[in-house]
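See below for the structure under consideration.
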Amino acid sequence: MAERVDNGTRSEPASQADTREATAARLRYLMETEGNAIYPMASGSNVRRAQTYAETDDIEQLRAEARAIKEDAIDRLPELLETVREAVEKNGGTVYVADDAADANAYVAAVVEEAAGGSNERATAASHPSGDDPTVVKSKSMTTEEIDLNDTLEARGADVYETDLGEWVIQLADDSPSHIVGPAMHLSREEIAALLEAEFDLAEPLETAAELTRFARDYLGEKIREADVGITGANFVVAETGTITLVTNEGNARKCAVTPDTHVAVAGVEKLIPRLRDLEPFVDIIAKSATGQSISQYVTMLSPPTDSPTLDFADDTPLAGETDAADPTADTGDATDETDPSGDREFHLVLLDNGRMDMRADDQLRETLYCIRCGACSNSCANFQSVGGHGFGGETYSGGIATGWEAGLADHDAAEFNDLCTGCTRCVDACPVQIDIPWINTVVRDRLNRGEEPAHLDSLVEGLTPDEEPSGLDPGKRFFGNIGTAARLASATAPVSNWIADAEPIRALLERTLGIDRRRNLPTFRRETLVDWFESRGGTEASRYRAERARKRFDEVPDSLEREAVLYADVYTNHVDVDRGKAAVRTLEALGVPVQVPNLPESGRAPLSQGMIATADRQASRLYAAVAEDLDAGRDLVVIEPSDLAAFQREYERLLPERSFETLSENSYDLCAYVFGLLEHGADPSVLRNGSGEEPITYHSHCQQRTLGLEAQTVALLERCGYAPRTTEAECCGMAGSFGYKREYYEVSVDVGQRLTSEIDADDPVVATGTSCGDQLESLLERPVPHPLEVLAPR
Amino acid sequence: MTTDTVGRFERALEDLQVSVAHVQATDATDAIESALEGPAVGVELPFEGVSLPDRVETAPTAGDLVDATTGVTPARFAIAEYGTVAIESAPEGDEPVALYPQRHVAVVAESDVVPDLGAGFDRLEAAFTAGDDSIVFATGRSSTADMGGLVEGVHGPGEVHVIVLEDR
C-alpha cells in the first residue's frame with residue numbers, strides 16, 4: 001500500500017529475531033502448560049480413529065461418497081439455500097441468512113429478547129416475570145464461537161450457559177476452545193476441579209471425573225429447565241426436509257433443542273446437504289473420524305419446530321395432550337398459536353455466510369467448506385499433539401484445517417500459526433472427506449508471503465535465491481525455499497563451507513538473519529556430488545556394463561526385469577547424503593538394472609514447503625521437461641527422497657498439465673518399493689547384504705511415504721533380505737524438512753522427535769528413508785541412522 | 001435372517017453395556033416391570049396387546065420427568081449393526097421421556113430391528129415420508145470425557161435397557 005508508512009521498527013534484523021524468540025517462547029509455554037493434557041487425548045483419538053478406519057470395510061467408499069456429496073452441495077449452494085428456506089418455512093420455522101458476524105448476532109439477540117419478554121409471554125411468564133434477564137442455553141457450536149455470539153448476548157443482558165461440559169469449562173475459565181471436538185482438551189482433571197472450586201461455593205471439593213460431571217450435570221440441568229431459548233449448531237442441515245442434524249455424546253444438544261420453546265440453530269451455509277439420504281455416509285463416518293467410535297451416542301435429526309411437547313417446569317399439567325394447542329384450556333387465547341402449525345414452538349435457522357460464499361468462489365479454498373469439523377486432522381498432527389489448538393489455531397478453529405477457515409472467514413487471520421503445518425500429509429489419510437489440507441496450508445502460506453510488507457534482508461539472500469517470489473518474503477523462508485542453490489554453492493566450496501558454517505559467529509549470524517537454530521547440526525556438504533561420483537566411475541555406459549555383467553550371473557532373467565532406471569539425485573542426496581545415492585546405484589546395478597544419474601532440476605519440494613508456489617511451479621515444469629524424453633523411452637524415474645516422490649505424485653497434479661502429471665506419476669517409483677518390485681519379479685536377492693533372517697532392525701518411514709502407502713513395501717524388502725523390521729508408530733519425526741532448523745520451532749521439533757525416539761529400542765539398528773527423519777533421529781539418538789539401502793546394498 | 005439380525009443387535013448392545021431382554025408380547029409387561037427403577041414415566045406402547053405396568057406414569061408433567069428414575073418409550077426401529085434405537089420426537093413426549101430420566105427403557109418389535117445403517121435410513125426415509133420428521137438415533141448411554149475421565153449419564157440417561165418383542 002502506497003500510503004503505508006514504514007516506521008522503521010520492522011527494518012531491524014533484530015526485530016525478526018525477536019519475533020522468532022517470542023514465537024518460540026509462546027510455543028514452549030504451551031508445550032509445558034497444555035501439551036501434557038493434549039497429547040494423550042489427541043493421539044488417543046487418533047489411534048482409535050485409525051483402528052476404526054481399518055475395521056470398516058467400506059471406509060474408502062464412505063469417504064468418497066461423503067466428499068462427492070459435499071462437492072455437489074457446495075456447487076449447488078445457492079439453490080439449496082432456497083430449498084431449505086421453503087422446507088423450514090413449510091414446517092413453521094424461519095430461515096435467516098446472515099452476511100457476517102454482526103448480522104447474525106443482531107438477529108439472534110432480537111430472537112432471544114423476543115422469546116424472553118415478547119410474544120411468547122405465556123410460556124415464560126412463570127419462570128421469568130417481566131424484567132428478568134433472558135436465559136439462553138447453548139449446545140457446543142463452533143459457528144457461534146466464530147461470531148462471538150455469547151459476548152453479544154451477554155452485552156445485551158442475557159445469561160448464557162454452554163451446556164457441553166467441555167465448552168462450559170472453557171466458558172467458566174474465560175478461555176477459548178483448543179480443539180474442534182474437545183474444547184477443553186488442554187485442561188487436566190485437576191485444573192477443572194480447581195476451577196469449579198474457585199467458581200462455586202462447594203460443600204465438598206470435587207475430585208473424580210464422576211463427581212465433576214455430576215456437579216456440572218445438575219447445575220446445567222437446572223439452567224436448561226429455566227431457559228427461554230436453546231441455541232444449537234448443526235452438524236448437517238438437510239435442505240429438502242429442513243432437518244437439523246446434531247451429533248453429540250452427552251445429550252445436551254437434544255435437551256437444548258427441545259426443552260425451551262424457542263430453538264435457534266446457527267450454522268455455516270456450508271452445512272447444507274441436499275437430501276435426507278445424503279446424511280447416511282456422514283452419520284456413519286463422523287464419529288469414526290472424530291473419536292474412533294462407530295457412531296455417536298445421539299444423532300438427532302430434527303425438522304423443527306418439532307412436535308415434541310414443550311417443557312414448562314412451573315406447569316403442573318401433563319406434557320402431552322393437555323398442553324397441546326388442541327386443548328383450549330391450556331391455551332390462554334394467544335390467537336397466533338392456533339394458526340401456527342407448530343403449536344407453541346418457535347424455530348429459527350440462522351445460516352451464516354461470513355466469508356464462505358467468497359471461499360466457495362475461490363478455487364483453492366473451496367475444499368475447506370467440505371470440512372465436517374471432526375478434528376481428525378488435529379488428532380493426526382504431530383505438532384498439534386505437542387502444542388494444541390492455542391498454538392496451532394486461530395481465533396476459532398484449530399489444527400490443520402483451521403488455516404483454511406481462518407484465512408477464508410471475514411476478519412480472521414491465519415498468519416500466526418500457518419507455519420505449524422509441515423506438510424507431512426498425515427492428516428490426508430485421516431480426513432473423512434479427503435480434503436488436501438496440506439495443500440490449503442501451502443496456498444495460504446503463499447498468500448501470506450505475498451501480503452507481507454517488504455523486508456530489508458532481501459540483499460542477504462539475493463543472488464542465492466533466484467526465485468519468482470515477491471520481495472518481502474521472510475529471508476529464512478526464501479533461504480530454505482532455494483536450498484538447492486545454497487547446496488550447490490556449499491558443495492562447490494566444501495569443506496571450507498562446512499568449517500565456516502560450523503563457526504560460532506556464523507551460527508549466530510545464521511540464527512539472527514535466517515532463523516536457523518544454532519542447536520541444530522547443519523548438513524555436511526560434500527565436495528564430490530553424487531552426479532560427479534557417478535560420472536567419475538564411467539557414467540551411464542559403465543552402469544550398463546555393470547548391470548549386464550550382473551545379469552549374466554543369473555541363469556534366466558525374466559523380461560519383466562528389462563528395466564532402465566533414471567535415479568533422481570535430489571538436492572540432499574546429491575550434495576550431502578551422497579552415500580545413500582551410491583547405495584542405490586550399486587543395488588540397482590547388482591540386480592541387473594542400468595542406471596543414469598543426470599543432473600536434474602530441483603523438484604520444487606523446498607519452495608513448496610515455504611509456500612513459494614510460483615517457484616515450485618517453475619521447477620516442476622523444468623523437472624518434467626528434463627525427464628520427459630527418458631519417460632517416453634520407457635525408463636523408470638526412481639526417487640530416493642520420499643517427499644520428492646510425493647511432490648511428483650501429489651502436488652504436481654496442481655502444477656503440471658494433466659498428461660504430463662500422469663506420465664510422471666505413473667513412471668516414478670519409490671526406491672525401496674522399486675527394489676522390492678525387482679525381487680518380486682525374479683531378481684536375485686542374494687547379491688544384497690542379507691541379514692540372518694531374524695536380525696532386528698527398526699524402520700522409521702517418512703510421513704509422506706506412509707500417505708502414499710509405501711511403508712509396507714520397505715518393510716517387505718527388509719523382511720525379504722533377512723531382517724525382522726519393527727516400524728515406528730509416531731506420526732512424524734518432527735524435523736519435517738526445514739521445520740526443525742527454524743529457531744521458533746526447534747523445541748516443538750524436538751518434543752515431537754522425542755515421542756518417536758521413545759519407541760526405539762536402544763539396541764536396535766535404525767534406518768529411515770527421509771533425509772530430515774534421518775537427521776532428526778541421528779541428533780536425538782546420537783548414533784548413525786542410514787537409509788535402508790545403505791544396509792542392504794552390496795559393498 | 002431376522003434371528004441373526006436380532007442376535008447381532010443384542011451383541012452390539014452388550015458391547016455398549018446396554019442390557020437387553022428378548023420376550024414374547026404376552027410377557028412384555030412383566031419384562032418392563034422388572035426393568036423399572038424408582039418412579040417411572042412412559043409413553044403408551046403402540047404394540048398390540050402390550051401395555052405398560054400400572055405404576056408407569058403415562059401422562060407425566062415436566063416435574064414428573066425430572067423426578068423419574070426410569071423413562072419407558074417405544075423405539076420406531078432399531079439398527080443391529082450399531083445397537084441403535086430410533087426414538088421419535090412425537091407429541092406424546094417420547095423425546096423428553098427417553099432423555100430426562102437416568103434410566104431409559106426402549107421397547108422395540110423384533111420385526112423392526114434392521115441389519116445396518118443403510119436399512120435404518122430406509123426406515124428413516126419411510127418415516128419422514130409418512131410425516132414423522134424428527135427422530136433420534138440413540139446408541140448406548142450418554143457419556144462424556146470432558147471432565148478428565150470417561151463418565152456415563154451426563155445430560156442423557158446413564159443406563160439403557162432394551163426390550164425386544166418377539167413377533168407372534
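Ligands are numbered from 1 in the order shown, residues from 1 within each chain, and chains are lettered A, B, ... in the order they appear in the C-alpha cells.
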Pro318 (chain A) surroundings by only C-alpha atoms, 6 Å radius, close-in-sequence under 2 positions cut, as a list in words: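 Listed by chain and then number, they are Ala320 of chain A; Ala59, Pro60 and Thr61 of chain B.
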Residues of chain A that approach chain B to 7 Å or less, counting only C-alpha atoms: could you list each one with the shortest pair of atoms and its distance in Å to one decimal, rows by chain and increasing residue number, as a tab-separated table?
```
residue	atom	partner	partner_atom	distance
A:Leu165	CA	B:Asp146	CA	6.0
A:Gly166	CA	B:Asp146	CA	5.0
A:Ala184	CA	B:Asp146	CA	6.8
A:Ser188	CA	B:Gly148	CA	6.1
A:Arg189	CA	B:Gly148	CA	4.4
A:Ala209	CA	B:Met147	CA	5.3
A:Ala210	CA	B:Val151	CA	5.8
A:Leu212	CA	B:Met147	CA	6.4
A:Thr213	CA	B:Met147	CA	6.3
A:Arg217	CA	B:Val154	CA	5.9
A:Asn249	CA	B:Ser143	CA	5.6
A:Glu250	CA	B:Ser142	CA	4.9
A:Gly251	CA	B:Gly156	CA	5.0
A:Asn252	CA	B:His155	CA	5.4
A:Arg277	CA	B:Phe121	CA	6.9
A:Glu280	CA	B:Phe121	CA	6.9
A:Ser296	CA	B:Thr139	CA	6.9
A:Gln297	CA	B:Thr139	CA	4.5
A:Tyr298	CA	B:Ala138	CA	4.7
A:Val299	CA	B:Phe137	CA	5.0
A:Thr300	CA	B:Val136	CA	4.2
A:Met301	CA	B:Ile135	CA	5.3
A:Leu302	CA	B:Ser134	CA	4.2
A:Ser303	CA	B:Ser134	CA	5.5
A:Thr306	CA	B:Ser134	CA	6.7
A:Asp307	CA	B:Pro91	CA	4.9
A:Ser308	CA	B:Pro91	CA	4.7
A:Pro309	CA	B:Pro91	CA	5.5
A:Leu311	CA	B:Ala62	CA	5.6
A:Asp312	CA	B:Ala62	CA	6.2
A:Phe313	CA	B:Ala62	CA	5.1
A:Asp316	CA	B:Thr61	CA	5.8
A:Thr317	CA	B:Thr61	CA	5.6
A:Pro318	CA	B:Thr61	CA	4.0
A:Leu319	CA	B:Thr61	CA	5.3
A:Ala320	CA	B:Glu92	CA	5.0
```
Write out, as a PDB file, in the first residue's frame, the residues just selected, with C-alpha atoms.
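New file selection.pdb:
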```
ATOM      1  CA  LEU A 165     -19.283 -29.901  29.578  1.00  0.00           C
ATOM      2  CA  GLY A 166     -16.024 -29.035  27.847  1.00  0.00           C
ATOM      3  CA  ALA A 184     -11.261 -28.215  26.992  1.00  0.00           C
ATOM      4  CA  SER A 188      -6.429 -31.615  33.211  1.00  0.00           C
ATOM      5  CA  ARG A 189      -8.960 -33.003  35.668  1.00  0.00           C
ATOM      6  CA  ALA A 209     -14.304 -37.160  36.890  1.00  0.00           C
ATOM      7  CA  ALA A 210     -17.644 -38.640  38.004  1.00  0.00           C
ATOM      8  CA  LEU A 212     -17.147 -33.200  38.462  1.00  0.00           C
ATOM      9  CA  THR A 213     -19.517 -34.472  35.795  1.00  0.00           C
ATOM     10  CA  ARG A 217     -24.968 -32.062  35.019  1.00  0.00           C
ATOM     11  CA  ASN A 249     -22.406 -37.944  23.086  1.00  0.00           C
ATOM     12  CA  GLU A 250     -23.713 -36.068  26.102  1.00  0.00           C
ATOM     13  CA  GLY A 251     -27.289 -35.427  25.010  1.00  0.00           C
ATOM     14  CA  ASN A 252     -27.143 -31.695  25.697  1.00  0.00           C
ATOM     15  CA  ARG A 277     -30.366 -39.897   2.262  1.00  0.00           C
ATOM     16  CA  GLU A 280     -26.095 -41.586   5.739  1.00  0.00           C
ATOM     17  CA  SER A 296     -22.049 -41.127  18.262  1.00  0.00           C
ATOM     18  CA  GLN A 297     -24.471 -41.730  21.122  1.00  0.00           C
ATOM     19  CA  TYR A 298     -27.037 -39.332  19.762  1.00  0.00           C
ATOM     20  CA  VAL A 299     -27.597 -38.461  16.154  1.00  0.00           C
ATOM     21  CA  THR A 300     -30.585 -36.182  16.354  1.00  0.00           C
ATOM     22  CA  MET A 301     -32.474 -35.432  13.172  1.00  0.00           C
ATOM     23  CA  LEU A 302     -34.975 -32.700  13.951  1.00  0.00           C
ATOM     24  CA  SER A 303     -37.145 -30.925  11.439  1.00  0.00           C
ATOM     25  CA  THR A 306     -40.801 -30.312  16.330  1.00  0.00           C
ATOM     26  CA  ASP A 307     -43.989 -31.929  17.591  1.00  0.00           C
ATOM     27  CA  SER A 308     -42.297 -32.798  20.868  1.00  0.00           C
ATOM     28  CA  PRO A 309     -44.171 -31.119  23.736  1.00  0.00           C
ATOM     29  CA  LEU A 311     -41.457 -28.463  28.857  1.00  0.00           C
ATOM     30  CA  ASP A 312     -42.634 -25.882  31.315  1.00  0.00           C
ATOM     31  CA  PHE A 313     -41.341 -26.934  34.695  1.00  0.00           C
ATOM     32  CA  ASP A 316     -48.443 -28.912  36.630  1.00  0.00           C
ATOM     33  CA  THR A 317     -50.358 -30.106  33.617  1.00  0.00           C
ATOM     34  CA  PRO A 318     -49.199 -33.201  31.746  1.00  0.00           C
ATOM     35  CA  LEU A 319     -46.867 -32.651  28.828  1.00  0.00           C
ATOM     36  CA  ALA A 320     -48.703 -34.489  26.145  1.00  0.00           C
TER      37      ALA A 320
END
```
Strand (DSSP E or B) call set, DSSP backbone run, chain B, as a PyMOL selection string: chain B and resi 19-24+40-42+56-57+70-74+77-79+84-88+103-109+113-114+135-139+143-144+151-152+159-166
Separation of CA of Arg650 (chain A) from CA of Leu608 (chain A) in Å: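 Interatomic distance here is 12.1 Å.
If you look at CA of Gly7 (chain B) and CA of Ile295 (chain A), they are 19.1 Å away from each other.
For Asp363 (chain A), the list of residues within 12 Å, based on only C-alpha atoms and with local chain neighbours fewer than 6 positions off taken out, reads Asp75, Met357, Leu369, Gly408, Trp439, Ile440, Val443 and Arg654 of chain A.
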In chain B, DSSP helix (DSSP H, G or I) residues written as a ChimeraX atom specification: /B:2-15,25-35,62-67,94-99,110-112,117-129
Generate the output file for the selected residues, C-alpha atoms, as a short mmCIF file (atom, residue, chain, number, x, y, z; two decimals), in the first residue's frame.
```
data_model
loop_
_atom_site.label_atom_id
_atom_site.label_comp_id
_atom_site.auth_asym_id
_atom_site.auth_seq_id
_atom_site.Cartn_x
_atom_site.Cartn_y
_atom_site.Cartn_z
CA THR B 2 -34.21 -61.95 11.41
CA THR B 3 -32.81 -64.09 14.18
CA ASP B 4 -29.30 -63.31 13.03
CA THR B 5 -30.09 -59.63 12.88
CA VAL B 6 -31.57 -59.64 16.35
CA GLY B 7 -28.59 -61.61 17.60
CA ARG B 8 -26.27 -59.05 16.13
CA PHE B 9 -28.31 -56.28 17.70
CA GLU B 10 -28.05 -57.94 21.08
CA ARG B 11 -24.30 -58.37 20.76
CA ALA B 12 -23.91 -54.71 19.79
CA LEU B 13 -25.95 -53.70 22.85
CA GLU B 14 -23.78 -55.89 25.03
CA ASP B 15 -20.68 -54.07 23.74
CA ALA B 25 -45.58 -59.94 23.74
CA THR B 26 -47.58 -61.68 26.46
CA ASP B 27 -44.65 -61.33 28.84
CA ALA B 28 -43.78 -57.79 27.86
CA THR B 29 -45.50 -56.04 30.77
CA ASP B 30 -43.63 -58.20 33.28
CA ALA B 31 -40.36 -57.62 31.48
CA ILE B 32 -40.90 -53.88 31.58
CA GLU B 33 -41.90 -54.06 35.23
CA SER B 34 -38.67 -55.77 36.15
CA ALA B 35 -36.67 -53.18 34.19
CA ALA B 62 -42.49 -31.68 33.38
CA GLY B 63 -41.86 -32.08 37.09
CA ASP B 64 -42.56 -35.83 36.88
CA LEU B 65 -39.87 -36.07 34.20
CA VAL B 66 -37.26 -34.60 36.48
CA ASP B 67 -38.30 -36.78 39.43
CA ASP B 94 -41.08 -39.75 23.53
CA GLU B 95 -38.05 -37.46 23.30
CA PRO B 96 -38.12 -35.99 26.83
CA VAL B 97 -39.23 -39.31 28.38
CA ALA B 98 -36.28 -41.06 26.73
CA LEU B 99 -33.88 -38.26 27.64
CA GLU B 110 -38.30 -57.82 16.60
CA SER B 111 -39.54 -57.12 13.08
CA ASP B 112 -38.38 -53.52 13.46
CA LEU B 117 -27.31 -48.18 8.91
CA GLY B 118 -28.40 -48.35 5.26
CA ALA B 119 -31.55 -50.25 6.22
CA GLY B 120 -32.01 -47.79 9.09
CA PHE B 121 -32.00 -44.95 6.59
CA ASP B 122 -34.58 -46.81 4.51
CA ARG B 123 -36.80 -46.80 7.58
CA LEU B 124 -35.96 -43.19 8.35
CA GLU B 125 -36.90 -42.09 4.85
CA ALA B 126 -40.14 -44.04 5.07
CA ALA B 127 -40.95 -42.39 8.40
CA PHE B 128 -40.21 -38.92 7.05
CA THR B 129 -42.36 -39.61 4.01
#
```
